[in-house]
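To keep things clear, I will list the structure first and then write my remarks on it.
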Amino acid sequence: MCYKPLDSFRVLISSFPEHMERWEKFDPENIEFQTKVLERAGIGSESYFPAVSAYCQMHRHPHHELQYCVPNTLSSFHDHQQVRLQKRYPPQPLWHGVQRYVAVLLSNRNRDKKIAKYELKHLVRTHIGAKDVYYKCISLEPDNEGITGVNLSKSLRKLAGEAFKVNVTRVAVLVLPYSEQIKYVVSVPWRRIWAPARKRGPYVPDFKRAFEHFCIHLGGKSVIKTVKEKLKLRERDIERSKMTLYKFGNTSLASTWYSLGYLEAKGRVKKRDRLWQLAFGSGIKCNSAVWRCIRKLEPEDSNVWSDFVHKYPVDPGNYRSFKRIELKLHKKKYVF
């Protein structure tokens, strides 16, 4: 059950500079930089962002976000699943001001298979934070002015790629058919003795033979693009990830569930289909969950996508050109 923000939290990307300026925390140069980053992030104008007053309030008192969003998510989950839930809140959210909440009910009781949608086949967790270079590539620390924020290392992409490689290798052994595994094993010595093979690079197993669906962590547009290239996926394999980023923004680890909701709302998940959820985290971590659909899925009104999935997919290319025009207008207004 994915949390759906109120329509009042929908904010046009073009109004982002005004939001940041009214918050009175950033200078014009910093706002311009954030606007450029947002412009390239792949987030659409139908995405959600707390209103300025609410946004500032949540940063002063982070528990306000939890007290509003978590009960709503749990209440919707309770109404849909008809289960008793005990409300418990962590002391503070992991990321202030970003509304991304998911409720998932797991069970190990055999009798629950009759109502369950999916069966968890494999769970692979990779943590390579034993060395400081990995552990500190994403850290929470104060800047020169004493303002605490998230510090991202310039080598983050490379380090995350190493965790990704380790995790995917472990997943491959569990899910790929023997024919694909043999091709990979044979390609390793073959590249050493045959020059043309070295130029083509290592053999990438065809994971489409192991999965019908892929739900990729929405760390940003570049993350989706990189995973697509590394796993040799098709454009339709990453459609749900791109549309989730466009509609709901960077919902971090919850994004794989929003992407799954997109697939379900589109009616694309069939009984016996196999699904790969792939996510990243600080530390640095890369985690995979492999699921198998165990029953026929019917459309659900509780799906976070149900009211507007018919409008998707959209073409982010047309959106970007329109967005640049809006940002130029704002640059004139706010004199970046």
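Quick note on naming: the chains in the structure tokens go A, B, ... in the order shown, residues restart at 1 in each chain, and ligands are numbered from 1 in order of appearance.
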
Strand (DSSP E) per DSSP on the backbone: members of range 172-221 of chain A, as a ChimeraX atom specification: /A:213-216

Write a file of the just-selected residues containing N, CA and C atoms, as a CSV table (one decimal), in the first residue's frame.
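Here's the written file selection28.csv:
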chain,number,residue,atom,x,y,z
A,213,HIS,N,9.5,-8.7,-15.1
A,213,HIS,CA,9.4,-7.3,-14.7
A,213,HIS,C,10.6,-6.9,-13.8
A,214,PHE,N,10.9,-5.6,-14.0
A,214,PHE,CA,12.0,-5.0,-13.2
A,214,PHE,C,11.6,-3.8,-12.6
A,215,CYS,N,11.8,-3.6,-11.3
A,215,CYS,CA,11.5,-2.4,-10.5
A,215,CYS,C,12.8,-1.9,-10.0
A,216,ILE,N,13.2,-0.7,-10.5
A,216,ILE,CA,14.6,-0.2,-10.2
A,216,ILE,C,14.4,1.0,-9.2

Shell of 12 Å around range 292-302 of chain A, only C-alpha atoms, local chain residues under 4 positions omitted, as a ChimeraX atom specification: /A:1-4,73,75-81,112-122,175,210-213,260-277,306-309

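With only C-alpha atoms as the atoms that count, the residue of A:Asp132, A:Glu145, A:Asp315, A:Glu21 with the shortest distance to Gly42 in chain A is A:Asp315.
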
Counting only C-alpha atoms, the residue of A:Val290, A:Ala254, A:Leu105, A:Ala160 that sits nearest Val227 in chain A: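 That would be A:Ala160, the residue with the smallest distance to Val227 in chain A.
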
Atom pair CA of Glu229 in chain A / CA of Glu180 in chain A: separation (Å):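 CA of Glu180 in chain A lies at a distance of 18.0 Å from CA of Glu229 in chain A.
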
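CA of Trp257 in chain A sits 10.8 Å away from CA of Leu218 in chain A.
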
DSSP helix (DSSP H, G or I) residues within range 85-323 of chain A, as a count of residues only: 100
